[in-house]
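S.K.: First, the structure itself, so that you have it in front of you.
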Amino acid sequence: MPALTASQFVGKDHSAALDDDRVLAMYEVMLLARKLDERMWVLNRQGKVAFHISGLGQEACQVGMAFAMARGVDWLHPYYRDLSFVLALGMTPRHLMLQVFGKAEDPSSGGRQMPSHWSYPPSRIVTSSSPVATQVPQAAGIAFAAKLRGLDEVVVATLGEGSTAQGDFHEGLNWAGIHKLPLIVLVQNNQYAISVPVEKQMPVANVADRGEAYGMPGVMYDGNEIMESYNVAQEAISRVRRGEGPILLEAKTYRPTPHSSDDDDRSYRSREEVELWKKRDPIMRSEQTLRERGLLDDALAERILARCVNQVDDATEYAQRAPYPRPEEALQPVFG
Amino acid sequence: MPALTASQFVGKDHSAALDDDRVLAMYEVMLLARKLDERMWVLNRQGKVAFHISGLGQEACQVGMAFAMARGVDWLHPYYRDLSFVLALGMTPRHLMLQVFGKAEDPSSGGRQMPSHWSYPPSRIVTSSSPVATQVPQAAGIAFAAKLRGLDEVVVATLGEGSTAQGDFHEGLNWAGIHKLPLIVLVQNNQYAISVPVEKQMPVANVADRGEAYGMPGVMYDGNEIMESYNVAQEAISRVRRGEGPILLEAKTYRPTPHSSDDDDRSYRSREEVELWKKRDPIMRSEQTLRERGLLDDALAERILARCVNQVDDATEYAQRAPYPRPEEALQPVFG
Amino acid sequence: MPIKTNIEALNETLAAEMRRDARIIMMGEDVGQRGGVFRATKGLFEEFGPGRVIDSPLAELSIIGVGIGMALNGLRPICEIQFADFIHPAFNQIVNEAAKIRYRSNSAYHVPLVIRTPYGGGISGGLYHSQSIEAIFAHTPGLYVVAPSTPHDTKGLLRAALRAEDPVLFLEHKKCYRLIKGEVPAEDYDVPIGVAEVKRAGGDLTIIAWGLMLHESLRAAEALARDGISAEVLDLRTLAPLDREAILASVKKTGKVLIVHEDTLTGGLGAEVAAIIAQGAFEYLDGPITRLAGPDVPAVPFSHPLEDFFMPNAAKIVAAARKLAAY
Amino acid sequence: MPIKTNIEALNETLAAEMRRDARIIMMGEDVGQRGGVFRATKGLFEEFGPGRVIDSPLAELSIIGVGIGMALNGLRPICEIQFADFIHPAFNQIVNEAAKIRYRSNSAYHVPLVIRTPYGGGISGGLYHSQSIEAIFAHTPGLYVVAPSTPHDTKGLLRAALRAEDPVLFLEHKKCYRLIKGEVPAEDYDVPIGVAEVKRAGGDLTIIAWGLMLHESLRAAEALARDGISAEVLDLRTLAPLDREAILASVKKTGKVLIVHEDTLTGGLGAEVAAIIAQGAFEYLDGPITRLAGPDVPAVPFSHPLEDFFMPNAAKIVAAARKLAAY
Ligand SMILES: Cc1ncc(C[n+]2csc(CCOP(=O)(O)OP(=O)(O)O)c2C)c(N)n1
Ligand SMILES: Cc1ncc(C[n+]2csc(CCOP(=O)(O)OP(=O)(O)O)c2C)c(N)n1
Ligand SMILES: [Mg+2]
Ligand SMILES: [Mg+2]
């Protein structure tokens with residue numbers, strides 16, 4: 001069983017059952033994420049924040065999954081590009097900006113972690129670290145506990161395609177397969193691990209080709225298409241919730257920005273390639289669909305944009321003014 | 001592409017090209033290994049040696065591979081059950097017994113390592129450790145060096161099926177696949193990792209099912225059948241030598257003894273199962289084939305057995321008498 | 001009071017704790033049907049079944065990683081690493097993950113996880129079945145490290161570990177499993193994490209040890225007593241965080257200190273103990289702070305003469321203590 | 001003599017050595033086309049091509065494992081670990097394999113492998129881009145650990161590392177990469193592994209440091225000199241094996257010692273330095289052996305006030321040294 005395509009896996013159009021408000025909400029959160037992300041770049045370029053690592057361009061696969069999850073019930077063990085994902089699950093722009101500025105009120109870490117290292121128990125977003133792929137066995141453990149305790153919880157772990165080269169990925173999927181755990185591993189394949197292209201990372205064409213090695217479906221789909229992303233996510237969540245065992249998803253996507261604010265991507269890829277992918281921008285495509293469906297017109301688009309920009313402004317201002325942690329806060333918490 | 005069977009993979013009968021002496025030599029080295037192995041058990045039960053871990057029952061897949069390799073050219077990065085393998089590649093019963101007794105002359109380690117941790121540069125047998133699966137990326141590195149240096153060398157790494165759960169296995173195969181390295185990873189699937197049966201180790205039926213995830217053929221075969229083992233090995237070596245890239249082999253076999261001299265296997269498997277597998281003993285089956293082919297009669301069988309027992313006696317006596325290392329030898333070598 | 005071996009105390013306490021708290025899960029290689037390669041988990045699979053006693057795949061990184069996840073979702077896993085020498089593949093999950101999760105999340109998440117592992121030499125285990133691993137983990141803030149040496153402390157510290165809200169590395173000296181016997185009260189008690197104990201009082205010098213070396217030190221103290229040298233033997237029991245007060249109090253009393261461990265000398269935990277004393281009891285010292293430890297070689301060799309040469313023991317302790325006492 | 005930064009010295013020496021010895025292979029994440037995330041390998045891919053400068057998959061365990069294999073088969077790989085914080089997945093391959101291969105094979109095999117990695121804090125890197133890892137690896141017999149602080153020593157120690165027959169962990173303080181400038185002789189020279197250097201002579205007390213803290217200590221010594229306190233600053237440069245003679249010689253001269261490192265205090269390398277002095281220079285000490293180090297928290301926090309609180313610096317060194325001098 002090689003990798004499945006979206007249509008082979010899904011069978012039906014789950015998105016047809018979404019009411020218009022939900023569809024518009026998906027669009028809005030993607031746009032909010034985009035505006036927030038862009039602002040973070042600006043703040044970094046202005047020298048106001050030390051570091052930014054972007055989720056820009058990967059919004060659709062994240063938001064599609066978030067909208068298929070039961071918020072506060074299902075778990076997300078995220079990675080650093082999940083800015084849209086954590087927003088869609090209930091973190092606010094203020095939350096995120098507070099971390100970017102390293103402020104005391106940062107709910108993820110109280111200023112201890114670098115930006116994009118989220119943690120938010122109300123949304124069951126698990127504290128994330130920098131060493132890649134460590135979340136995969138941990139997510140398997142969360143899922144295992146849910147299963148052993150008889151709880152109806154699905155766990156989603158995300159990571160980049162480059163990170164699948166780590167032993168953690170292999171070991172985590174192995175456990176999930178053996179114990180048929182309620183786990184979805186969502187690989188966001190943006191085709192580079194910093195500068196290293198996919199063909200130097202792995203000898204297979206698709207990450208999803210590896211599902212079979214763990215006795216689970218491997219599904220690849222267009223991660224820049226919000227409805228396809230939602231359909232695959234909804235199908236995966238339903239199956240996992242029914243107890244059919246774990247699933248490996250591969251969202252094909254792209255990172256139009258440099259890897260992080262410390263990177264310069266000109267050394268390893270052409271401008272043409274980047275431009276090409278900008279034409280497949282998930283938000284642009286989503287907007288187009290909404291307009292075609294008659295859900296969005298210029299007036300509404302403007303109102304939504306204004307709401308987003310407002311929130312971004314508010315968050316920036318709030319976070320900039322918020323107090324830093326007291327220095328001695330560095331000493332704790334070590335033990336509970 | 002799911003796991004291939006031996007006949008799907010091999011295509012032709014390489015063993016037909018073996019002359020009778022080679023065929024008999026294969027039999028003899030298996031028998032020698034068996035007798036040596038049995039003696040080690042006895043010495044352990046007599047309290048004369050601290051520890052034994054056995055290759056008993058896994059002789060055929062090892063000897064089949066050894067006879068397909070170019071001795072002194074191709075590399076073996078072995079694991080602790082490869083007693084037949086290292087004998088077939090040129091280590092002697094004395095060499096092995098010297099390590100079992102922890103004597104100074106032990107060529108593998110000068111008495112530093114536990115028994116069955118071999119090392120022998122003349123046969124390109126790489127020093128082995130106890131943490132399982134670490135040899136897989138190392139073997140990939142040896143193969144990578146051979147490729148970069150333009151040397152015509154094939155590298156064989158062996159391990160048990162349980163050890164394929166380690167991240168090292170995944171990472172090593174990933175490198176091998178990406179760089180099309182001259183590497184054969186031979187998994188000896190004896191169906192248990194100490195007490196843990198295969199179905200608790202992995203969610204797939206065969207280790208070979210995982211070859212595809214690394215862009216390489218995965219081949220499963222009867223590892224208790226010497227000619228099938230040789231055919232698969234010969235085919236694999238030839239392909240790898242031709243530069244076609246790495247191969248994952250899975251020899252189906254069984255360990256009729258407890259895991260080691262410290263184990264009691266009665267707690268985790270039935271005597272019936274063990275008895276069943278004793279009927280598939282590789283040496284018994286090899287003997288039968290040889291007799292059918294008219295290569296072996298009672299007289300020759302007895303002469304071979306006598307030679308083996310003689311060597312085992314000699315090795316035991318020699319090793320028992322050999323001096324221990326001087327205590328201060330413990331202090332070196334740390335740096336060269 | 002009943003007399004038990006270390007491993008009996010361990011096994012019985014594991015069972016009792018699992019009866020008390022349904023959140024406790026035992027997992028690791030061969031811990032189920034086989035009852036562990038040292039039989040530490042004997043009977044647990046039969047009593048608690050495969051939902052609470054889990055035979056893991058052979059993969060330490062994920063034994064810990066999965067354990068962390070379980071701990072994050074309401075369970076209290078005990079992860080067995082079959083030999084301490086095989087904990088290294090899990091180093092990243094322990095040091096970068098388990099030990100840092102409370103700090104990095106500002107206590108929003110924490111990891112009540114016990115990692116049990118047999119360690120130590122003297123059993124013909126060679127390079128990879130003899131290692132002492134305490135120094136590298138005692139240098140990991142966010143992780144407790146305990147190493148009980150007696151059946152009494154095994155029970156009390158295991159109970160304390162299973163009540164801690166943060167990860168605990170629980171080190172069991174494998175040579176002591178069946179060698180050491182002692183009284184174990186039937187009633188419930190904890191030995192608090194972080195508290196050392198004077199296992200033998202004395203006035204001329206202090207010997208600081210843990211694990212197998214604690215017992216060798218006690219034997220040495222007997223011999224020294226026959227020479228008229230009165231050695232105090234301090235059992236650290238908890239290796240992180242160290243009981244600074246107990247260490248300093250004993251050294252201030254005796255003025256001389258010998259630190260003994262079987263781990264290799266350089267960068268071993270004895271260095272930290274020495275540093276604490278050199279800074280905190282400087283004015284009380286009547287002689288150089290002395291360490292007796294395994295030599296700086298990659299690991300414990302297998303062959304008897306080599307292993308014996310490597311391992312500190314009562315005779316070597318006596319020799320070092322005599323020299324120090326005569327200073 | 002030309003003035004260079006640490007990273008220029010590094011980059012140029014890498015190129016020169018690769019020209020000299022065709023067995024040297026550079027591998028790691030983003031070391032090829034990108035020239036390394038810190039640009040340490042800039043230009044190497046262009047000059048030596050993909051057969052000598054290899055962009056690895058994102059997998060540290062196997063970067064080292066594959067490197068070991070290459071070293072066993074006639075090459076001299078340099079493995080870059082992108083940040084020291086990410087070396088932990090490779091812990092087993094380094095500690096159980098690379099460092100033990102010579103010993104376990106009785107020198108039949110050995111591993112000439114250099115592991116380069118940027119380490120250290122002070123750059124807003126938070127928990128996972130600021131770690132100091134020297135203590136755990138300096139406790140690994142069979143492994144050399146070096147940590148040059150100046151462009152001069154970077155060149156000399158890298159050359160020595162590439163001529164060693166055993167694995168070398170080569171630590172590069174990332175904050176020093178561009179901050180530190182100094183003279184680098186154009187001609188060939190080695191700085192031998194295992195030899196410390198007095199970077200500033202003094203008589204009242206000894207400050208022992210390495211990495212970024214060496215430079216903070218030198219700044220502190222300037223300030224102390226203005227107060228009439230003459231501090232000797234000893235740069236360890238090699239962290240394993242330690243230069244015991246140089247350590248003891250300086251302390252015997254001054255009688256007082258302050259050991260400074262940014263790694264967390266307990267079990268840090270300063271403990272070993274202190275222990276060496278406490279045993280070997282006991283009779284020369286005029287004050288308690290003092291350590292100034294990062295606090296015992298899981299890692300360096302990100303936010304400026306927190307990071308500043310964590311990091312030792314010249315001002316904190318001055319304060320500690322004054323107190324010690326006044327003892
Ligand atoms: C264990 C580890 N090694 C190295 C790094 C440094 N690093 C951060 S992101 C990254 C590339 C990740 O690539 P991928 O998994 O494809 O995710 P992407 O950034 O493309 O979304 C690297 C090498 C790290 N964070 N963790
Ligand atoms: C990293 C590591 N963990 C645990 C062990 C202890 N151990 C030795 S052999 C073994 C089982 C190996 O099973 P398998 O790989 O199937 O090989 P087999 O012994 O069956 O040939 C275990 C758990 C080890 N040697 N290394
Ligand atoms: Mg990527
Ligand atoms: Mg097996």
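Labels for the structure tokens follow display order: chains A, B, ..., residues from 1 in each chain, ligands from 1.
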What are the closest atom pairs, with distances in Å to one decimal, for each residue of chain C lying within 8 Å of chain D, using only C-alpha atoms, rows by chain and rising residue number, as JSON lines?

M.R.:
{"residue": "C:His88", "atom": "CA", "partner": "D:Asn92", "partner_atom": "CA", "distance": 4.7}
{"residue": "C:Pro89", "atom": "CA", "partner": "D:Asn92", "partner_atom": "CA", "distance": 5.1}
{"residue": "C:Ala90", "atom": "CA", "partner": "D:Pro89", "partner_atom": "CA", "distance": 7.4}
{"residue": "C:Phe91", "atom": "CA", "partner": "D:His88", "partner_atom": "CA", "distance": 6.0}
{"residue": "C:Asn92", "atom": "CA", "partner": "D:His88", "partner_atom": "CA", "distance": 4.7}
{"residue": "C:Val95", "atom": "CA", "partner": "D:His88", "partner_atom": "CA", "distance": 8.0}
{"residue": "C:Asn96", "atom": "CA", "partner": "D:His88", "partner_atom": "CA", "distance": 7.8}
{"residue": "C:Ala99", "atom": "CA", "partner": "D:Pro298", "partner_atom": "CA", "distance": 6.8}
{"residue": "C:Lys100", "atom": "CA", "partner": "D:Pro298", "partner_atom": "CA", "distance": 5.5}
{"residue": "C:Tyr103", "atom": "CA", "partner": "D:Pro298", "partner_atom": "CA", "distance": 6.7}
{"residue": "C:Arg104", "atom": "CA", "partner": "D:Leu127", "partner_atom": "CA", "distance": 7.6}
{"residue": "C:Leu127", "atom": "CA", "partner": "D:Arg104", "partner_atom": "CA", "distance": 7.6}
{"residue": "C:Ala135", "atom": "CA", "partner": "D:Gly267", "partner_atom": "CA", "distance": 7.0}
{"residue": "C:Ile136", "atom": "CA", "partner": "D:Ile136", "partner_atom": "CA", "distance": 5.4}
{"residue": "C:Ala138", "atom": "CA", "partner": "D:Gly267", "partner_atom": "CA", "distance": 6.7}
{"residue": "C:His139", "atom": "CA", "partner": "D:Gly267", "partner_atom": "CA", "distance": 4.8}
{"residue": "C:Thr140", "atom": "CA", "partner": "D:Pro298", "partner_atom": "CA", "distance": 6.7}
{"residue": "C:Pro141", "atom": "CA", "partner": "D:Pro298", "partner_atom": "CA", "distance": 4.8}
{"residue": "C:Gly142", "atom": "CA", "partner": "D:Pro298", "partner_atom": "CA", "distance": 5.7}
{"residue": "C:Thr264", "atom": "CA", "partner": "D:His139", "partner_atom": "CA", "distance": 7.8}
{"residue": "C:Thr266", "atom": "CA", "partner": "D:His139", "partner_atom": "CA", "distance": 5.9}
{"residue": "C:Gly267", "atom": "CA", "partner": "D:His139", "partner_atom": "CA", "distance": 4.8}
{"residue": "C:Gly268", "atom": "CA", "partner": "D:His139", "partner_atom": "CA", "distance": 6.8}
{"residue": "C:Leu269", "atom": "CA", "partner": "D:Gly267", "partner_atom": "CA", "distance": 6.7}
{"residue": "C:Ala271", "atom": "CA", "partner": "D:Glu272", "partner_atom": "CA", "distance": 4.8}
{"residue": "C:Glu272", "atom": "CA", "partner": "D:Ala271", "partner_atom": "CA", "distance": 4.8}
{"residue": "C:Ala274", "atom": "CA", "partner": "D:Ala275", "partner_atom": "CA", "distance": 5.3}
{"residue": "C:Ala275", "atom": "CA", "partner": "D:Ala271", "partner_atom": "CA", "distance": 5.2}
{"residue": "C:Ala278", "atom": "CA", "partner": "D:Ile289", "partner_atom": "CA", "distance": 5.7}
{"residue": "C:Gln279", "atom": "CA", "partner": "D:Pro288", "partner_atom": "CA", "distance": 4.8}
{"residue": "C:Gly280", "atom": "CA", "partner": "D:Pro288", "partner_atom": "CA", "distance": 7.4}
{"residue": "C:Phe282", "atom": "CA", "partner": "D:Pro288", "partner_atom": "CA", "distance": 5.4}
{"residue": "C:Glu283", "atom": "CA", "partner": "D:Pro288", "partner_atom": "CA", "distance": 7.9}
{"residue": "C:Gly287", "atom": "CA", "partner": "D:Phe282", "partner_atom": "CA", "distance": 7.3}
{"residue": "C:Pro288", "atom": "CA", "partner": "D:Gln279", "partner_atom": "CA", "distance": 4.8}
{"residue": "C:Ile289", "atom": "CA", "partner": "D:Gln279", "partner_atom": "CA", "distance": 5.1}
{"residue": "C:Thr290", "atom": "CA", "partner": "D:Gln279", "partner_atom": "CA", "distance": 5.9}
{"residue": "C:Asp296", "atom": "CA", "partner": "D:Pro141", "partner_atom": "CA", "distance": 5.7}
{"residue": "C:Val297", "atom": "CA", "partner": "D:Pro141", "partner_atom": "CA", "distance": 5.3}
{"residue": "C:Pro298", "atom": "CA", "partner": "D:Pro141", "partner_atom": "CA", "distance": 4.8}
{"residue": "C:Ala299", "atom": "CA", "partner": "D:Lys100", "partner_atom": "CA", "distance": 7.6}

S.K.: Please identify the alpha helix (DSSP H) residues within stretch 34-202 of chain D (assignment by DSSP from backbone atoms) and present them as JSON, numbers by chain.

M.R.: {"D": [44, 45, 46, 47, 48, 60, 61, 62, 63, 64, 65, 66, 67, 68, 69, 70, 71, 72, 91, 92, 101, 102, 103, 104, 134, 135, 136, 137, 138, 151, 152, 153, 154, 155, 156, 157, 158, 159, 160, 161, 176, 177, 178, 179]}

S.K.: Neighbours of ligand 1 at 8 Å or closer, counting only C-alpha atoms and all ligand atoms: which residues, as a ChimeraX atom specification?

M.R.: /A:80-81,130-133,159-164,166,188-194,255,259 /D:29-30,58-60,81-83,85-87,89

S.K.: Restricting the calculation to only C-alpha atoms, which member of B:Pro323, B:Pro122, B:Gly102, B:Pro333 is positioned closest to chain D?

M.R.: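 Of all the options, B:Pro333 lies closest to chain D.
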
S.K.: Counting only C-alpha atoms, a student should be able to say which residues of chain B come within 12 Å of chain A; what is the right answer, written as number ranges by chain?

M.R.: B: 1-3, 133-134, 137, 162-181, 197-216, 218, 245-246

S.K.: Could you please take those selected residues and save N, CA and C atoms as a compact mmCIF listing (two decimals), in the first residue's frame?

M.R.:
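The resulting file, again_10.txt, is reproduced below:
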# COMPACT_ATOMS: atom_id res chain seq x y z
N MET B 1 5.76 -1.40 -3.46
CA MET B 1 6.58 -2.63 -3.47
C MET B 1 6.69 -3.22 -2.06
N PRO B 2 5.91 -4.24 -1.77
CA PRO B 2 6.03 -4.87 -0.44
C PRO B 2 7.26 -5.76 -0.40
N ALA B 3 7.47 -6.42 0.72
CA ALA B 3 8.65 -7.28 0.87
C ALA B 3 8.70 -8.31 -0.25
N ALA B 133 22.00 -1.90 17.55
CA ALA B 133 21.67 -1.11 16.35
C ALA B 133 22.62 0.06 16.09
N THR B 134 23.54 0.34 17.00
CA THR B 134 24.50 1.42 16.73
C THR B 134 25.35 1.11 15.51
N PRO B 137 24.14 2.88 11.48
CA PRO B 137 24.72 4.09 10.89
C PRO B 137 26.23 4.00 10.72
N GLY B 162 14.35 -7.27 16.83
CA GLY B 162 13.92 -6.36 17.89
C GLY B 162 14.67 -5.04 17.84
N SER B 163 15.91 -5.12 17.44
CA SER B 163 16.77 -3.94 17.40
C SER B 163 16.39 -2.96 16.30
N THR B 164 15.54 -3.40 15.38
CA THR B 164 15.11 -2.48 14.32
C THR B 164 14.17 -1.41 14.86
N ALA B 165 13.72 -1.54 16.10
CA ALA B 165 12.89 -0.50 16.71
C ALA B 165 13.71 0.73 17.09
N GLN B 166 15.02 0.61 17.10
CA GLN B 166 15.87 1.74 17.50
C GLN B 166 15.96 2.81 16.42
N GLY B 167 16.07 4.04 16.86
CA GLY B 167 16.28 5.14 15.93
C GLY B 167 17.50 4.94 15.04
N ASP B 168 18.52 4.29 15.56
CA ASP B 168 19.74 4.06 14.78
C ASP B 168 19.45 3.32 13.48
N PHE B 169 18.55 2.36 13.55
CA PHE B 169 18.18 1.58 12.36
C PHE B 169 17.59 2.51 11.30
N HIS B 170 16.63 3.31 11.72
CA HIS B 170 15.97 4.25 10.81
C HIS B 170 16.97 5.22 10.20
N GLU B 171 17.77 5.81 11.02
CA GLU B 171 18.68 6.84 10.53
C GLU B 171 19.75 6.25 9.61
N GLY B 172 20.25 5.09 9.98
CA GLY B 172 21.28 4.45 9.16
C GLY B 172 20.74 4.08 7.79
N LEU B 173 19.55 3.48 7.75
CA LEU B 173 18.96 3.12 6.46
C LEU B 173 18.64 4.35 5.63
N ASN B 174 18.25 5.41 6.30
CA ASN B 174 17.93 6.64 5.57
C ASN B 174 19.18 7.16 4.84
N TRP B 175 20.29 7.21 5.52
CA TRP B 175 21.54 7.63 4.86
C TRP B 175 21.89 6.70 3.69
N ALA B 176 21.77 5.42 3.95
CA ALA B 176 22.14 4.44 2.92
C ALA B 176 21.29 4.65 1.68
N GLY B 177 20.00 4.90 1.89
CA GLY B 177 19.10 5.11 0.77
C GLY B 177 19.40 6.40 0.03
N ILE B 178 19.60 7.46 0.77
CA ILE B 178 19.85 8.77 0.13
C ILE B 178 21.10 8.70 -0.76
N HIS B 179 22.15 8.07 -0.23
CA HIS B 179 23.43 8.10 -0.95
C HIS B 179 23.72 6.80 -1.71
N LYS B 180 22.70 5.93 -1.79
CA LYS B 180 22.87 4.66 -2.52
C LYS B 180 24.18 3.98 -2.15
N LEU B 181 24.32 3.72 -0.87
CA LEU B 181 25.59 3.18 -0.36
C LEU B 181 25.67 1.67 -0.55
N PRO B 197 7.81 -10.84 21.94
CA PRO B 197 7.55 -11.40 20.61
C PRO B 197 7.40 -10.30 19.56
N VAL B 198 7.58 -10.68 18.32
CA VAL B 198 7.59 -9.71 17.22
C VAL B 198 6.39 -8.78 17.24
N GLU B 199 5.22 -9.29 17.55
CA GLU B 199 4.02 -8.43 17.44
C GLU B 199 4.00 -7.32 18.48
N LYS B 200 4.82 -7.43 19.51
CA LYS B 200 4.94 -6.31 20.45
C LYS B 200 6.11 -5.40 20.10
N GLN B 201 6.87 -5.79 19.08
CA GLN B 201 8.03 -4.98 18.69
C GLN B 201 7.71 -4.07 17.51
N MET B 202 6.78 -4.52 16.67
CA MET B 202 6.55 -3.78 15.42
C MET B 202 5.15 -4.07 14.89
N PRO B 203 4.56 -3.08 14.21
CA PRO B 203 3.20 -3.26 13.73
C PRO B 203 3.11 -3.84 12.31
N VAL B 204 4.22 -4.33 11.80
CA VAL B 204 4.21 -4.93 10.47
C VAL B 204 4.58 -6.40 10.58
N ALA B 205 4.17 -7.16 9.58
CA ALA B 205 4.40 -8.60 9.65
C ALA B 205 5.86 -8.94 9.46
N ASN B 206 6.53 -8.19 8.61
CA ASN B 206 7.92 -8.49 8.27
C ASN B 206 8.79 -7.25 8.37
N VAL B 207 9.98 -7.44 8.86
CA VAL B 207 10.95 -6.34 8.85
C VAL B 207 11.18 -5.87 7.42
N ALA B 208 11.19 -6.82 6.51
CA ALA B 208 11.48 -6.49 5.10
C ALA B 208 10.43 -5.55 4.51
N ASP B 209 9.24 -5.52 5.12
CA ASP B 209 8.22 -4.58 4.65
C ASP B 209 8.69 -3.13 4.76
N ARG B 210 9.72 -2.92 5.54
CA ARG B 210 10.18 -1.56 5.76
C ARG B 210 11.21 -1.08 4.75
N GLY B 211 11.68 -1.97 3.88
CA GLY B 211 12.68 -1.56 2.89
C GLY B 211 12.19 -0.39 2.06
N GLU B 212 10.94 -0.48 1.66
CA GLU B 212 10.37 0.54 0.78
C GLU B 212 10.48 1.94 1.38
N ALA B 213 10.35 2.03 2.69
CA ALA B 213 10.40 3.34 3.34
C ALA B 213 11.78 3.98 3.18
N TYR B 214 12.76 3.20 2.78
CA TYR B 214 14.11 3.71 2.58
C TYR B 214 14.56 3.58 1.13
N GLY B 215 13.57 3.38 0.26
CA GLY B 215 13.88 3.31 -1.15
C GLY B 215 14.77 2.14 -1.53
N MET B 216 14.66 1.04 -0.79
CA MET B 216 15.51 -0.10 -1.11
C MET B 216 14.69 -1.39 -1.07
N GLY B 218 13.36 -4.82 0.15
CA GLY B 218 13.31 -5.56 1.40
C GLY B 218 13.02 -7.01 1.04
N GLY B 245 22.82 0.17 -5.02
CA GLY B 245 22.31 0.73 -3.76
C GLY B 245 22.02 -0.33 -2.72
N PRO B 246 21.68 0.11 -1.55
CA PRO B 246 21.58 -0.76 -0.38
C PRO B 246 20.37 -1.71 -0.43

S.K.: Fewer than 5 positions away in the same chain doesn't count, so skip those; otherwise give me all residues within 7 Å of A:Val219, counting only C-alpha atoms, as a PyMOL selection string.

M.R.: chain A and resi 3-6+9+208+248-250

S.K.: May I have the selected residues written with N, CA and C atoms, as a compact mmCIF listing (two decimals), in the first residue's frame?

M.R.:
# COMPACT_ATOMS: atom_id res chain seq x y z
N ALA A 3 1.65 5.45 -0.64
CA ALA A 3 0.96 6.63 -0.10
C ALA A 3 -0.39 6.83 -0.79
N LEU A 4 -1.38 7.20 -0.01
CA LEU A 4 -2.70 7.49 -0.56
C LEU A 4 -2.80 8.96 -0.94
N THR A 5 -3.56 9.25 -1.96
CA THR A 5 -3.88 10.64 -2.25
C THR A 5 -5.09 11.04 -1.41
N ALA A 6 -5.36 12.34 -1.38
CA ALA A 6 -6.49 12.83 -0.60
C ALA A 6 -7.78 12.14 -1.03
N PHE A 9 -8.16 8.62 0.08
CA PHE A 9 -8.30 8.46 1.53
C PHE A 9 -9.66 8.94 2.02
N ALA A 208 4.76 10.31 3.14
CA ALA A 208 3.62 9.41 3.33
C ALA A 208 3.92 7.99 2.88
N LEU A 248 -0.56 8.67 9.34
CA LEU A 248 0.52 9.58 8.97
C LEU A 248 0.05 10.47 7.83
N LEU A 249 0.03 11.77 8.06
CA LEU A 249 -0.39 12.71 7.02
C LEU A 249 0.80 13.52 6.53
N GLU A 250 0.80 13.78 5.26
CA GLU A 250 1.84 14.63 4.67
C GLU A 250 1.18 15.76 3.89

S.K.: Pick out the residues sitting within 12 Å of C:Ala320, and hand them over as a VMD selection string; count only C-alpha atoms, and ignore anything fewer than 6 positions along from it in its own chain.

M.R.: chain C and resid 205 to 207 217 220 to 221 224 256 to 260 288 to 293 312 to 314 326 to 327

S.K.: List as a ChimeraX atom specification the protein and nucleic acid residues near D:Gly35, meaning an atom at most 12 Å away when only C-alpha atoms are counted, but skip any in the same chain fewer than 3 places from it.

M.R.: /A:194-196,263-265,267-268 /D:11,26-32,38-47,49,53-55,80,82

S.K.: Write out as a list in words every residue belonging to chain A that has an atom at most 7 Å from any atom of chain C, counting only C-alpha atoms.

M.R.: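 Written out as asked, the residues are Ser108, Ser109, Gly110, Arg112, Gln113, Ser119, Pro121, Thr127, Thr134, Pro137, Gln138, Ala139, Ala140, Gly141, Ile142, Phe144, Ala145, Leu148, Asp168, Glu171, Gly172, Gln332, Pro333, Val334, Phe335 and Gly336 of chain A.
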
S.K.: Identify, with DSSP run on backbone atoms, the residues in stretch 150-279 of chain C assigned to strand (DSSP E or B), and express the list as an MDAnalysis selection string.

M.R.: chainID C and resid 168:173 181:183 197:200 205:209 231:235 238:240 257:264

S.K.: Counting only C-alpha atoms and all ligand atoms, which residue out of B:Lys278, B:Arg242, B:His117, B:Arg124 sits closest to ligand 2?

M.R.: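 Nearest candidate to ligand 2 out of B:Lys278, B:Arg242, B:His117, B:Arg124: B:His117.
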
S.K.: What does the distance from atom CA of A:Gln288 to atom CA of A:Arg34 come to in Å, to one decimal?

M.R.: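 Atom CA of A:Arg34 lies at a distance of 16.4 Å from atom CA of A:Gln288.
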